[in-house]
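File shown: query_1.pdb (PDB, C-alpha atoms).
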```pdb
ATOM      1  CA  MET A   1      46.944  -2.331  97.585
ATOM      2  CA  SER A   2      44.670   0.234  99.075
ATOM      3  CA  ASN A   3      45.638   2.738 101.711
ATOM      4  CA  SER A   4      43.082   4.716 103.622
ATOM      5  CA  ASN A   5      43.741   8.191 104.898
ATOM      6  CA  THR A   6      42.539   9.211 108.315
ATOM      7  CA  ALA A   7      40.594  12.400 108.740
ATOM      8  CA  ALA A   8      43.514  13.957 110.596
ATOM      9  CA  ALA A   9      46.020  13.236 107.875
ATOM     10  CA  HIS A  10      43.696  14.590 105.252
ATOM     11  CA  ALA A  11      43.007  17.768 107.200
ATOM     12  CA  GLU A  12      46.764  18.260 107.496
ATOM     13  CA  GLU A  13      47.207  17.910 103.749
ATOM     14  CA  HIS A  14      44.537  20.455 103.069
ATOM     15  CA  HIS A  15      45.705  23.478 105.082
ATOM     16  CA  VAL A  16      42.259  25.035 105.118
ATOM     17  CA  LEU A  17      42.437  28.801 104.938
ATOM     18  CA  PRO A  18      40.778  30.903 107.641
ATOM     19  CA  ASP A  19      37.212  32.029 107.015
ATOM     20  CA  GLY A  20      38.244  35.603 107.734
ATOM     21  CA  LEU A  21      40.328  35.735 104.586
ATOM     22  CA  PHE A  22      37.328  34.973 102.413
ATOM     23  CA  ILE A  23      35.134  37.435 104.272
ATOM     24  CA  LEU A  24      37.787  40.054 103.550
ATOM     25  CA  VAL A  25      37.740  39.142  99.866
ATOM     26  CA  TRP A  26      33.957  39.447  99.909
ATOM     27  CA  VAL A  27      34.218  42.927 101.409
ATOM     28  CA  GLY A  28      36.636  43.828  98.643
ATOM     29  CA  LEU A  29      34.211  42.532  96.018
ATOM     30  CA  VAL A  30      31.327  44.532  97.485
ATOM     31  CA  VAL A  31      33.448  47.703  97.583
ATOM     32  CA  LEU A  32      34.563  47.191  93.989
ATOM     33  CA  THR A  33      30.944  46.660  92.961
ATOM     34  CA  GLY A  34      30.111  49.946  94.653
ATOM     35  CA  ILE A  35      32.903  51.682  92.768
ATOM     36  CA  THR A  36      31.659  50.308  89.462
ATOM     37  CA  VAL A  37      28.088  51.415  90.139
ATOM     38  CA  ALA A  38      29.199  54.843  91.406
ATOM     39  CA  GLY A  39      31.291  55.249  88.285
ATOM     40  CA  SER A  40      28.380  54.588  85.969
ATOM     41  CA  VAL A  41      25.890  56.653  87.986
ATOM     42  CA  PHE A  42      28.008  59.734  88.678
ATOM     43  CA  PHE A  43      30.161  59.634  85.548
ATOM     44  CA  PRO A  44      27.905  58.212  82.840
ATOM     45  CA  GLY A  45      29.456  57.745  79.458
ATOM     46  CA  GLN A  46      33.088  57.037  78.666
ATOM     47  CA  VAL A  47      34.393  57.432  82.232
ATOM     48  CA  GLY A  48      31.794  55.089  83.688
ATOM     49  CA  ILE A  49      32.525  52.519  81.019
ATOM     50  CA  ALA A  50      36.262  52.831  81.638
ATOM     51  CA  VAL A  51      35.743  52.257  85.366
ATOM     52  CA  ALA A  52      33.743  49.113  84.613
ATOM     53  CA  ILE A  53      36.354  47.842  82.151
ATOM     54  CA  ILE A  54      39.101  48.297  84.722
ATOM     55  CA  VAL A  55      37.297  47.181  87.894
ATOM     56  CA  THR A  56      35.416  44.126  86.584
ATOM     57  CA  PRO A  57      38.572  42.095  85.773
ATOM     58  CA  ILE A  58      39.882  42.936  89.250
ATOM     59  CA  LYS A  59      36.711  41.471  90.767
ATOM     60  CA  ALA A  60      37.087  38.455  88.504
ATOM     61  CA  THR A  61      40.695  37.979  89.635
ATOM     62  CA  LEU A  62      39.681  38.079  93.292
ATOM     63  CA  ILE A  63      37.041  35.421  92.719
ATOM     64  CA  LEU A  64      39.422  33.242  90.691
ATOM     65  CA  MET A  65      42.393  33.545  93.012
ATOM     66  CA  TYR A  66      40.638  33.228  96.344
ATOM     67  CA  PHE A  67      37.130  31.780  96.057
ATOM     68  CA  MET A  68      38.172  29.413  93.297
ATOM     69  CA  HIS A  69      41.455  28.789  95.084
ATOM     70  CA  LEU A  70      43.770  29.349  92.101
ATOM     71  CA  LYS A  71      46.260  31.204  94.286
ATOM     72  CA  TYR A  72      46.802  28.041  96.296
ATOM     73  CA  GLU A  73      46.711  25.480  93.532
ATOM     74  CA  LYS A  74      49.563  24.174  91.436
ATOM     75  CA  PRO A  75      50.612  26.792  88.852
ATOM     76  CA  GLY A  76      49.362  24.439  86.146
ATOM     77  CA  PHE A  77      45.774  25.409  86.927
ATOM     78  CA  VAL A  78      46.459  29.109  86.452
ATOM     79  CA  ILE A  79      48.244  28.359  83.198
ATOM     80  CA  MET A  80      45.297  26.266  81.976
ATOM     81  CA  PHE A  81      42.935  29.089  82.813
ATOM     82  CA  LEU A  82      45.089  31.662  81.025
ATOM     83  CA  VAL A  83      45.185  29.449  77.953
ATOM     84  CA  ALA A  84      41.389  29.294  77.899
ATOM     85  CA  VAL A  85      41.148  33.058  78.346
ATOM     86  CA  GLY A  86      43.811  33.478  75.684
ATOM     87  CA  ILE A  87      41.783  31.452  73.204
ATOM     88  CA  LEU A  88      38.706  33.524  73.958
ATOM     89  CA  SER A  89      40.741  36.703  73.558
ATOM     90  CA  VAL A  90      41.909  35.567  70.146
ATOM     91  CA  PHE A  91      38.291  34.983  69.071
ATOM     92  CA  MET A  92      37.242  38.387  70.341
ATOM     93  CA  GLY A  93      40.330  40.201  69.175
ATOM     94  CA  LEU A  94      40.247  38.902  65.632
ATOM     95  CA  THR A  95      36.505  39.486  65.356
ATOM     96  CA  PHE A  96      36.885  43.091  66.408
ATOM     97  CA  PHE A  97      39.943  43.479  64.249
ATOM     98  CA  ASP A  98      37.538  42.831  61.411
ATOM     99  CA  TYR A  99      34.547  44.853  62.600
ATOM    100  CA  LEU A 100      36.441  47.906  63.733
ATOM    101  CA  LEU A 101      38.037  48.300  60.327
ATOM    102  CA  ARG A 102      34.870  47.988  58.274
TER     103      ARG A 102
ATOM    104  CA  MET B 103      48.137  21.871  98.942
ATOM    105  CA  SER B 104      51.032  19.859  97.492
ATOM    106  CA  HIS B 105      49.955  16.298  98.059
ATOM    107  CA  GLU B 106      46.852  15.288  96.241
ATOM    108  CA  ALA B 107      47.794  11.756  95.308
ATOM    109  CA  SER B 108      44.989   9.509  94.259
ATOM    110  CA  SER B 109      44.139   6.793  96.699
ATOM    111  CA  THR B 110      41.338   4.548  97.820
ATOM    112  CA  MET B 111      39.291   5.650 100.761
ATOM    113  CA  ASP B 112      37.145   3.674 103.139
ATOM    114  CA  GLN B 113      33.729   5.244 103.135
ATOM    115  CA  PRO B 114      30.960   4.759 105.657
ATOM    116  CA  HIS B 115      28.844   1.635 104.945
ATOM    117  CA  GLY B 116      31.971  -0.294 103.894
ATOM    118  CA  HIS B 117      32.294   1.038 100.355
ATOM    119  CA  VAL B 118      35.788   1.600  99.053
ATOM    120  CA  VAL B 119      35.970   4.553  96.694
ATOM    121  CA  HIS B 120      38.805   5.646  94.436
ATOM    122  CA  VAL B 121      39.559   9.280  95.147
ATOM    123  CA  ASP B 122      41.645  11.387  92.781
ATOM    124  CA  PRO B 123      41.441  15.001  93.942
ATOM    125  CA  GLU B 124      43.766  16.445  91.338
ATOM    126  CA  GLY B 125      42.177  14.564  88.460
ATOM    127  CA  GLY B 126      38.725  15.542  89.636
ATOM    128  CA  LYS B 127      39.656  19.174  90.007
ATOM    129  CA  THR B 128      41.320  19.291  86.589
ATOM    130  CA  SER B 129      38.241  17.748  85.021
ATOM    131  CA  MET B 130      36.013  20.332  86.650
ATOM    132  CA  TRP B 131      38.216  23.178  85.439
ATOM    133  CA  LEU B 132      38.122  21.773  81.902
ATOM    134  CA  PHE B 133      34.342  21.880  82.066
ATOM    135  CA  LEU B 134      34.495  25.454  83.367
ATOM    136  CA  PHE B 135      36.598  26.417  80.343
ATOM    137  CA  THR B 136      33.827  25.165  78.063
ATOM    138  CA  GLU B 137      31.422  27.371  80.013
ATOM    139  CA  LEU B 138      33.793  30.313  79.578
ATOM    140  CA  LEU B 139      33.769  29.799  75.838
ATOM    141  CA  LEU B 140      29.985  29.379  75.802
ATOM    142  CA  PHE B 141      29.299  32.670  77.529
ATOM    143  CA  GLY B 142      32.344  34.243  75.935
ATOM    144  CA  GLY B 143      30.790  33.660  72.548
ATOM    145  CA  LEU B 144      27.619  35.408  73.689
ATOM    146  CA  PHE B 145      29.623  38.309  75.084
ATOM    147  CA  LEU B 146      31.302  38.567  71.705
ATOM    148  CA  ILE B 147      27.929  38.825  69.979
ATOM    149  CA  TYR B 148      26.954  41.535  72.453
ATOM    150  CA  GLY B 149      30.204  43.357  71.778
ATOM    151  CA  VAL B 150      29.809  43.357  68.026
ATOM    152  CA  TYR B 151      26.175  44.465  68.050
ATOM    153  CA  ARG B 152      26.896  47.117  70.632
ATOM    154  CA  HIS B 153      29.623  48.444  68.391
ATOM    155  CA  MET B 154      27.169  48.526  65.500
ATOM    156  CA  TYR B 155      24.233  50.003  67.432
ATOM    157  CA  GLU B 156      25.855  52.032  70.203
ATOM    158  CA  PRO B 157      23.125  54.680  70.771
ATOM    159  CA  ALA B 158      20.302  52.119  70.583
ATOM    160  CA  PHE B 159      22.030  49.948  73.192
ATOM    161  CA  HIS B 160      22.448  52.918  75.515
ATOM    162  CA  HIS B 161      18.821  53.877  75.089
ATOM    163  CA  ALA B 162      17.514  50.339  75.634
ATOM    164  CA  ALA B 163      19.675  49.792  78.715
ATOM    165  CA  ALA B 164      17.844  52.622  80.461
ATOM    166  CA  GLU B 165      14.788  50.360  80.627
ATOM    167  CA  LEU B 166      16.554  47.921  82.912
ATOM    168  CA  ASN B 167      16.340  48.307  86.661
ATOM    169  CA  LYS B 168      19.809  49.129  88.031
ATOM    170  CA  VAL B 169      18.761  48.562  91.644
ATOM    171  CA  MET B 170      17.611  45.028  90.904
ATOM    172  CA  GLY B 171      20.735  44.312  88.902
ATOM    173  CA  VAL B 172      23.082  45.542  91.617
ATOM    174  CA  THR B 173      21.091  43.794  94.337
ATOM    175  CA  ASN B 174      21.359  40.542  92.415
ATOM    176  CA  THR B 175      25.096  41.073  92.096
ATOM    177  CA  LEU B 176      25.428  41.445  95.854
ATOM    178  CA  VAL B 177      23.211  38.414  96.386
ATOM    179  CA  LEU B 178      25.425  36.257  94.157
ATOM    180  CA  LEU B 179      28.664  37.597  95.635
ATOM    181  CA  THR B 180      27.401  36.705  99.097
ATOM    182  CA  SER B 181      26.291  33.280  97.917
ATOM    183  CA  SER B 182      29.833  32.698  96.643
ATOM    184  CA  LEU B 183      31.143  33.560 100.088
ATOM    185  CA  THR B 184      28.764  31.180 101.838
ATOM    186  CA  MET B 185      29.716  28.491  99.312
ATOM    187  CA  VAL B 186      33.407  28.899 100.150
ATOM    188  CA  LEU B 187      32.606  28.793 103.849
ATOM    189  CA  SER B 188      30.648  25.580 103.255
ATOM    190  CA  VAL B 189      33.605  23.952 101.499
ATOM    191  CA  ASN B 190      35.993  25.110 104.216
ATOM    192  CA  SER B 191      33.748  23.780 106.955
ATOM    193  CA  LEU B 192      33.626  20.322 105.436
ATOM    194  CA  GLN B 193      37.403  20.310 105.010
ATOM    195  CA  ARG B 194      37.657  21.057 108.721
ATOM    196  CA  ASN B 195      35.362  18.079 109.386
ATOM    197  CA  GLN B 196      32.385  20.246 110.354
ATOM    198  CA  PRO B 197      29.610  18.717 108.214
ATOM    199  CA  LYS B 198      26.729  20.436 110.045
ATOM    200  CA  ARG B 199      28.297  23.859 109.558
ATOM    201  CA  SER B 200      28.988  22.966 105.950
ATOM    202  CA  MET B 201      25.341  22.038 105.408
ATOM    203  CA  ASN B 202      24.171  25.253 107.040
ATOM    204  CA  PHE B 203      26.273  27.370 104.710
ATOM    205  CA  LEU B 204      25.083  25.335 101.743
ATOM    206  CA  VAL B 205      21.474  25.982 102.746
ATOM    207  CA  ILE B 206      22.187  29.714 102.955
ATOM    208  CA  THR B 207      23.768  29.545  99.503
ATOM    209  CA  LEU B 208      20.611  27.873  98.219
ATOM    210  CA  LEU B 209      18.396  30.522  99.814
ATOM    211  CA  LEU B 210      20.445  33.337  98.277
ATOM    212  CA  SER B 211      20.226  31.615  94.885
ATOM    213  CA  ALA B 212      16.466  31.478  95.265
ATOM    214  CA  VAL B 213      16.424  35.198  96.091
ATOM    215  CA  PHE B 214      18.373  35.822  92.894
ATOM    216  CA  LEU B 215      15.823  33.914  90.840
ATOM    217  CA  VAL B 216      12.900  35.702  92.498
ATOM    218  CA  ILE B 217      14.398  39.109  91.658
ATOM    219  CA  LYS B 218      15.019  37.906  88.121
ATOM    220  CA  PHE B 219      11.380  36.801  87.930
ATOM    221  CA  PHE B 220      10.181  40.259  88.917
ATOM    222  CA  GLU B 221      12.485  41.846  86.358
ATOM    223  CA  TRP B 222      11.348  39.611  83.548
ATOM    224  CA  SER B 223       7.640  39.813  84.337
ATOM    225  CA  ALA B 224       7.866  43.621  84.447
ATOM    226  CA  LYS B 225       9.368  43.543  80.972
ATOM    227  CA  TYR B 226       6.755  41.038  79.817
ATOM    228  CA  HIS B 227       3.928  43.306  80.935
ATOM    229  CA  HIS B 228       5.440  46.106  78.902
ATOM    230  CA  GLY B 229       5.416  43.858  75.869
ATOM    231  CA  ILE B 230       9.195  43.510  75.905
ATOM    232  CA  PHE B 231       9.822  39.782  75.561
ATOM    233  CA  PRO B 232      11.330  37.597  72.822
ATOM    234  CA  GLY B 233       8.729  37.056  70.131
ATOM    235  CA  THR B 234       6.397  39.931  70.975
ATOM    236  CA  GLU B 235       5.128  42.381  68.352
ATOM    237  CA  HIS B 236       6.404  45.301  70.416
ATOM    238  CA  LEU B 237       9.937  43.922  70.441
ATOM    239  CA  HIS B 238       9.776  43.253  66.724
ATOM    240  CA  ALA B 239       8.569  46.770  66.039
ATOM    241  CA  MET B 240      11.395  48.364  67.998
ATOM    242  CA  GLU B 241      14.376  49.990  66.445
ATOM    243  CA  HIS B 242      16.709  47.207  65.330
ATOM    244  CA  GLY B 243      19.465  47.962  67.841
ATOM    245  CA  GLU B 244      17.074  48.101  70.776
ATOM    246  CA  GLY B 245      15.469  44.834  69.757
ATOM    247  CA  LEU B 246      18.918  43.256  69.617
ATOM    248  CA  PHE B 247      19.750  44.558  73.076
ATOM    249  CA  PHE B 248      16.654  43.030  74.631
ATOM    250  CA  ASN B 249      16.993  39.730  72.816
ATOM    251  CA  LEU B 250      20.578  39.529  74.030
ATOM    252  CA  TYR B 251      19.439  40.474  77.526
ATOM    253  CA  PHE B 252      16.876  37.680  77.692
ATOM    254  CA  MET B 253      19.185  35.176  76.024
ATOM    255  CA  MET B 254      22.171  35.807  78.247
ATOM    256  CA  THR B 255      20.444  36.353  81.582
ATOM    257  CA  GLY B 256      18.153  33.447  80.701
ATOM    258  CA  LEU B 257      21.031  31.077  80.016
ATOM    259  CA  HIS B 258      22.694  32.336  83.182
ATOM    260  CA  GLY B 259      19.448  31.740  85.078
ATOM    261  CA  ILE B 260      19.313  28.163  83.814
ATOM    262  CA  HIS B 261      22.826  27.730  85.157
ATOM    263  CA  VAL B 262      21.652  29.051  88.528
ATOM    264  CA  VAL B 263      18.804  26.518  88.588
ATOM    265  CA  ILE B 264      21.157  23.673  87.664
ATOM    266  CA  GLY B 265      23.548  24.821  90.367
ATOM    267  CA  MET B 266      20.764  24.767  92.920
ATOM    268  CA  ILE B 267      19.764  21.233  91.956
ATOM    269  CA  VAL B 268      23.365  20.066  92.284
ATOM    270  CA  MET B 269      23.641  21.797  95.655
ATOM    271  CA  LEU B 270      20.519  19.994  96.876
ATOM    272  CA  VAL B 271      22.005  16.651  95.847
ATOM    273  CA  VAL B 272      25.319  17.448  97.542
ATOM    274  CA  LEU B 273      23.450  18.619 100.642
ATOM    275  CA  ALA B 274      21.753  15.230 100.867
ATOM    276  CA  LYS B 275      25.078  13.489 100.377
ATOM    277  CA  ILE B 276      26.750  15.456 103.176
ATOM    278  CA  ARG B 277      23.794  14.586 105.395
ATOM    279  CA  SER B 278      24.190  10.881 104.625
ATOM    280  CA  GLY B 279      27.933  11.027 105.095
ATOM    281  CA  ALA B 280      28.732  10.081 101.516
ATOM    282  CA  VAL B 281      30.408  13.462 101.101
ATOM    283  CA  ASN B 282      32.688  14.082 104.043
ATOM    284  CA  VAL B 283      36.063  15.421 105.105
ATOM    285  CA  ASN B 284      37.882  12.557 103.381
ATOM    286  CA  SER B 285      35.858  12.764 100.187
ATOM    287  CA  ASN B 286      34.711  16.332  99.594
ATOM    288  CA  GLY B 287      35.606  16.744  95.946
ATOM    289  CA  ILE B 288      31.995  16.993  94.831
ATOM    290  CA  LEU B 289      31.359  19.909  97.164
ATOM    291  CA  GLU B 290      34.538  21.632  96.042
ATOM    292  CA  TYR B 291      33.643  21.209  92.373
ATOM    293  CA  THR B 292      30.117  22.470  93.023
ATOM    294  CA  GLY B 293      31.773  25.496  94.572
ATOM    295  CA  LEU B 294      33.926  26.041  91.492
ATOM    296  CA  TYR B 295      30.842  25.865  89.286
ATOM    297  CA  TRP B 296      29.003  28.301  91.503
ATOM    298  CA  HIS B 297      31.856  30.793  91.485
ATOM    299  CA  LEU B 298      31.844  30.666  87.712
ATOM    300  CA  VAL B 299      28.122  31.438  87.683
ATOM    301  CA  ASP B 300      28.921  34.417  89.910
ATOM    302  CA  LEU B 301      31.823  35.412  87.664
ATOM    303  CA  ILE B 302      29.593  35.435  84.580
ATOM    304  CA  TRP B 303      27.055  37.638  86.327
ATOM    305  CA  ILE B 304      29.786  40.078  87.326
ATOM    306  CA  PHE B 305      30.408  40.628  83.624
ATOM    307  CA  LEU B 306      26.714  40.698  82.740
ATOM    308  CA  LEU B 307      26.066  43.505  85.230
ATOM    309  CA  PRO B 308      28.041  46.316  83.572
ATOM    310  CA  LEU B 309      27.121  45.186  80.079
ATOM    311  CA  PHE B 310      23.381  45.346  80.590
ATOM    312  CA  TYR B 311      22.667  47.402  83.684
ATOM    313  CA  LEU B 312      25.433  49.980  83.912
ATOM    314  CA  THR B 313      25.583  50.937  80.274
ATOM    315  CA  THR B 314      23.662  54.181  80.367
TER     316      THR B 314
END
```
Kindly return the structure encoded in the file as structure tokens.
Amino acid sequence: MSNSNTAAAHAEEHHVLPDGLFILVWVGLVVLTGITVAGSVFFPGQVGIAVAIIVTPIKATLILMYFMHLKYEKPGFVIMFLVAVGILSVFMGLTFFDYLLR
Amino acid sequence: MSHEASSTMDQPHGHVVHVDPEGGKTSMWLFLFTELLLFGGLFLIYGVYRHMYEPAFHHAAAELNKVMGVTNTLVLLTSSLTMVLSVNSLQRNQPKRSMNFLVITLLLSAVFLVIKFFEWSAKYHHGIFPGTEHLHAMEHGEGLFFNLYFMMTGLHGIHVVIGMIVMLVVLAKIRSGAVNVNSNGILEYTGLYWHLVDLIWIFLLPLFYLTT
């Protein structure tokens, strides 16, 4: 048995978020990019690198949560993503565990 | 976003299509995880070689144009925004607006590739390109940096081109009505792919351009 959804019903199910929210996220991303660049230009060396290491994951989180909609999906999607990142972290962590102690 | 049951939808032209939003989305995310591991592996290589050749990497990074790198970052970030706005528009049953935003996304992607072209050709004219004598004669660490640069931004660039091709196909499908408010998964998944491309670049930027 097939059932067809009307456009109205589908739009209801979707709860489309306002454009303004995403524009705000974009502004945040641009500002964070500015901070990263300023950090590396005005504080080259360890400080600049530290700024990048801290700020870049924040930018990534904004993109994942809002642009890629993870904040509004079932928690299962976030868990899946964290598992993938976890696997990658294990690869990187164990590799460096070796290299850093050589 | 709690009800995403699969169902059959009546499409224009009388076709009945099985739509499974949650299954489709999960599948797309699984593919994105493979992409994460692909680029993650390359980042790992970068990390190890940087650890081994720290000063050489710093020195080589100075040759890259920060302005172009940052501009490209802003271009991609904006293209991600226009992509989201395209998806949103279609979900609000505004296909024309959706197509407009998709076209803007395509234009921004093209701008990205043009800037990349200028970057690469500048390097090429200085003899810095995979396979050149000059690159081979460089200090080992510097050579590694540039090979990694071309490899990773090149692979990323290929992903941009693929994304653009997919966007063109989806654009045509929105125009024909095949992709619409009731069946917009393809556009949404294209968006997810595009955001990942943006995400990868966000990590490439500090590694290659902001290292000095």
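Between chain A and the residues B:Val268, B:Val283, B:Leu273, B:Leu289, the shortest atom-to-atom distance, using all atoms listed in the file, involves B:Val283.
Between CA of Lys168 (chain B) and CA of Tyr226 (chain B) there is a distance of 17.4 Å.
In terms of minimum interatomic distance to Phe22 (chain A), B:Leu179 ranks closest within B:Leu179, B:Val263, B:Leu204, B:Ala280, counting all atoms listed in the file.
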*Please write the residues picked by the PyMOL selection byres ((chain B and resi 152-160) around 12) on this file as a ChimeraX atom specification.*
/A:44-46,49,95-96,98-102 /B:145-151,161-166,240-251,308-314
Just C-alpha atoms for this one: save the residues we selected as an mmCIF file, in the frame of the given file.
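In the end it all went to part_10.cif:
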```
data_model
loop_
_atom_site.group_PDB
_atom_site.id
_atom_site.type_symbol
_atom_site.label_atom_id
_atom_site.label_comp_id
_atom_site.auth_asym_id
_atom_site.auth_seq_id
_atom_site.Cartn_x
_atom_site.Cartn_y
_atom_site.Cartn_z
ATOM 1 C CA PRO A 44 27.905 58.212 82.840
ATOM 2 C CA GLY A 45 29.456 57.745 79.458
ATOM 3 C CA GLN A 46 33.088 57.037 78.666
ATOM 4 C CA ILE A 49 32.525 52.519 81.019
ATOM 5 C CA THR A 95 36.505 39.486 65.356
ATOM 6 C CA PHE A 96 36.885 43.091 66.408
ATOM 7 C CA ASP A 98 37.538 42.831 61.411
ATOM 8 C CA TYR A 99 34.547 44.853 62.600
ATOM 9 C CA LEU A 100 36.441 47.906 63.733
ATOM 10 C CA LEU A 101 38.037 48.300 60.327
ATOM 11 C CA ARG A 102 34.870 47.988 58.274
ATOM 12 C CA PHE B 145 29.623 38.309 75.084
ATOM 13 C CA LEU B 146 31.302 38.567 71.705
ATOM 14 C CA ILE B 147 27.929 38.825 69.979
ATOM 15 C CA TYR B 148 26.954 41.535 72.453
ATOM 16 C CA GLY B 149 30.204 43.357 71.778
ATOM 17 C CA VAL B 150 29.809 43.357 68.026
ATOM 18 C CA TYR B 151 26.175 44.465 68.050
ATOM 19 C CA HIS B 161 18.821 53.877 75.089
ATOM 20 C CA ALA B 162 17.514 50.339 75.634
ATOM 21 C CA ALA B 163 19.675 49.792 78.715
ATOM 22 C CA ALA B 164 17.844 52.622 80.461
ATOM 23 C CA GLU B 165 14.788 50.360 80.627
ATOM 24 C CA LEU B 166 16.554 47.921 82.912
ATOM 25 C CA MET B 240 11.395 48.364 67.998
ATOM 26 C CA GLU B 241 14.376 49.990 66.445
ATOM 27 C CA HIS B 242 16.709 47.207 65.330
ATOM 28 C CA GLY B 243 19.465 47.962 67.841
ATOM 29 C CA GLU B 244 17.074 48.101 70.776
ATOM 30 C CA GLY B 245 15.469 44.834 69.757
ATOM 31 C CA LEU B 246 18.918 43.256 69.617
ATOM 32 C CA PHE B 247 19.750 44.558 73.076
ATOM 33 C CA PHE B 248 16.654 43.030 74.631
ATOM 34 C CA ASN B 249 16.993 39.730 72.816
ATOM 35 C CA LEU B 250 20.578 39.529 74.030
ATOM 36 C CA TYR B 251 19.439 40.474 77.526
ATOM 37 C CA PRO B 308 28.041 46.316 83.572
ATOM 38 C CA LEU B 309 27.121 45.186 80.079
ATOM 39 C CA PHE B 310 23.381 45.346 80.590
ATOM 40 C CA TYR B 311 22.667 47.402 83.684
ATOM 41 C CA LEU B 312 25.433 49.980 83.912
ATOM 42 C CA THR B 313 25.583 50.937 80.274
ATOM 43 C CA THR B 314 23.662 54.181 80.367
#
```
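Residues matched by the PyMOL selection byres ((chain B and resi 173) around 12) in this file: Val30, Thr33, Gly34 and Val37 of chain A; Asn167, Lys168, Val169, Met170, Gly171, Val172, Asn174, Thr175, Leu176, Val177, Leu178, Leu179, Thr180, Leu210, Val213, Phe214, Leu215, Val216, Ile217, Lys218, Glu221, Trp303, Ile304, Leu307 and Tyr311 of chain B.
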*Counting only C-alpha atoms, what is within 12 Å of Leu62 (chain A), bar same-chain residues fewer than 2 positions away, as a ChimeraX atom specification?*
/A:21-30,32,55-60,64-71 /B:179,182-183,297,300-301,304
Let me know the centre plus edge lengths, in Å and rounded to one decimal, of a box with edges along x, y and z that contains all listed atoms of region 293-307 of chain B and is padded by 4 Å on every side, as JSON.
```
{"center_x": 30.0, "center_y": 34.5, "center_z": 88.7, "size_x": 15.9, "size_y": 26.0, "size_z": 19.8}
```
*Target residues per the PyMOL selection byres ((chain A and resi 81) around 12), formatted as an MDAnalysis selection string*: (chainID A and resid 61 64:65 68 70 73:80 82:88) or (chainID B and resid 128 130:139)
*Two-atom distance - CA of Val262 (chain B), CA of Ser285 (chain B) (Å)*: 24.6 Å
_CA of Ala274 (chain B) to CA of Tyr72 (chain A), straight-line distance in Å_ =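 Separating CA of Tyr72 (chain A) from CA of Ala274 (chain B) is a distance of 28.5 Å.
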*If you count only C-alpha atoms, which residues fall within 10 Å of Gly265 (chain B), apart from same-chain ones fewer than 3 positions away, as a ChimeraX atom specification?*
/B:208,211,259-262,268-271,292-293,295-296,299
